[in-house]
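Scroll down for the structure; my scribbles are underneath it.
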Number of protein chains: 2
Amino acid sequence: MRKAKRARLEAKGWKVGTVAEFLELTPEESALIEIKLALSRRLRERRQKRMTQAQLAEKIQSSQSRIAKAETGHSSVSLELLVRAMLATGASPKEIGKAIAGDQK
Amino acid sequence: MRKAKRARLEAKGWKVGTVAEFLELTPEESALIEIKLALSRRLRERRQKRMTQAQLAEKIQSSQSRIAKAETGHSSVSLELLVRAMLATGASPKEIGKAIAGDQK
DNA sequence: TGCCTTCATGTCAAATTCGACATATAGTTT
DNA sequence: AAACTATATGTCGAATTTGACATGAAGGCA
């Protein structure tokens with residue numbers, strides 16, 4: 001993983017911190033974070049084409065602030081909220097699966 | 001969806017209940033439940049080949065009871081726990097993505 | 001039969017995640 | 001400049017999800 005990505009993680013509350021701390025993440029922990037970040041990015045792409053954060057929030061009875069946090073990869077956002085938001089943009093399970101698998105768009 | 005599947009959902013605490021109630025689920029809500037159930041099934045398959053529920057639980061600092069609930073599709077189990085458990089069986093993000101996409105094994 | 005292992009299910013206090021709200025920043029329009 | 005729109009960020013009480021624990025059920029086996 002590149003340094004720039006680590007810095008992004010660190011800023012959002014993921015337990016990354018120093019390089020040493022980062023290396024304490026198991027591969028499974030890293031994979032989970034990567035999955036969530038991949039969904040965050042894909043969510044933003046899809047949502048921006050279709051609606052505002054406030055509109056998406058309304059669709060899933062959430063709030064604009066949570067959508068913002070979801071798209072910026074905040075650690076307080078669950079995988080579940082990310083997937084619900086993806087579905088609300090019209091993404092199919094197949095598209096979500098691809099994003100999680102790391103497929104390029 | 002077949003009646004048998006609905007009955008399974010109903011038994012596990014998903015807000016399904018009667019047929020009428022079931023029909024009140026939006027397609028997005030249904031898709032999310034299907035995703036979780038697909039992961040439950042895949043988790044059981046993979047875990048059984050490799051270890052007991054107690055051993056898997058230890059790997060992710062969870063408990064045997066939560067693994068049992070994850071595999072039986074209990075509504076109290078988060079997508080996040082399902083994915084963490086899948087990763088702990090050695091599943092790659094790609095394999096998890098396939099399961100979510102609905103690919104047959 | 002009793003013993004052992006594995007899995008299922010219910011409960012509960014603690015931890016996490018939630019939606020809501022306030023507010024800040026930035027860009028656009030008038 | 002002021003007003004308006006979209007997004008980001010912090011906080012907080014409420015809701016959900018958690019691991020832990022107890023216990024039951026089912027099967028294998030001595």
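As shown in the structure tokens, the chain order sets the letters A, B, ...; within each chain, residues go from 1, and ligands are also counted from 1 in the order they appear.
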Could you produce a table of the residues of chain B lying within 8 Å of chain D, with the nearest pair of atoms per residue and their separation in Å rounded to one decimal, using only C-alpha atoms (C1' of nucleotides), ordered by chain and increasing residue number, as a Markdown table?
| residue | atom | partner | partner_atom | distance |
| --- | --- | --- | --- | --- |
| B:Ser62 | CA | D:DG19 | C1' | 5.9 |
| B:Ser63 | CA | D:DG19 | C1' | 6.2 |
| B:Ser76 | CA | D:DT17 | C1' | 6.7 |
| B:Val77 | CA | D:DT17 | C1' | 7.1 |
| B:Ser78 | CA | D:DT17 | C1' | 7.0 |
Counting only C-alpha atoms (C1' of nucleotides), collect the residues of chain C whose closest atom lies at most 10 Å from chain B, and write them out as an MDAnalysis selection string.
chainID C and resid 6:9
Could you dump the residues just selected with C-alpha atoms (C1' of nucleotides) as a JSON list (two decimals), in the first residue's frame?
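selection-v9.json, written as the output of this step:
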[["chain", "number", "residue", "atom", "x", "y", "z"],
["C", 6, "DT", "C1'", -20.52, -29.70, 18.23],
["C", 7, "DC", "C1'", -24.00, -26.55, 17.20],
["C", 8, "DA", "C1'", -28.43, -23.72, 18.36],
["C", 9, "DT", "C1'", -30.81, -20.37, 21.06]]
Up to 12 Å from chain B, what residues of chain A turn up? Count only C-alpha atoms and give them as a ChimeraX atom specification.
/A:26-36,38-39,59-60,77-103
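Across the structure, atom CA of A:Leu25 and atom CA of B:Ser75 are spaced 28.7 Å apart.
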Please measure the separation of atom CA of B:Leu43 and atom CA of B:Lys105, giving the value in Å to one decimal.
11.8 Å
Which distance in Å separates atom C1' of C:DA15 and atom CA of B:Arg42, to one decimal?
27.7 Å
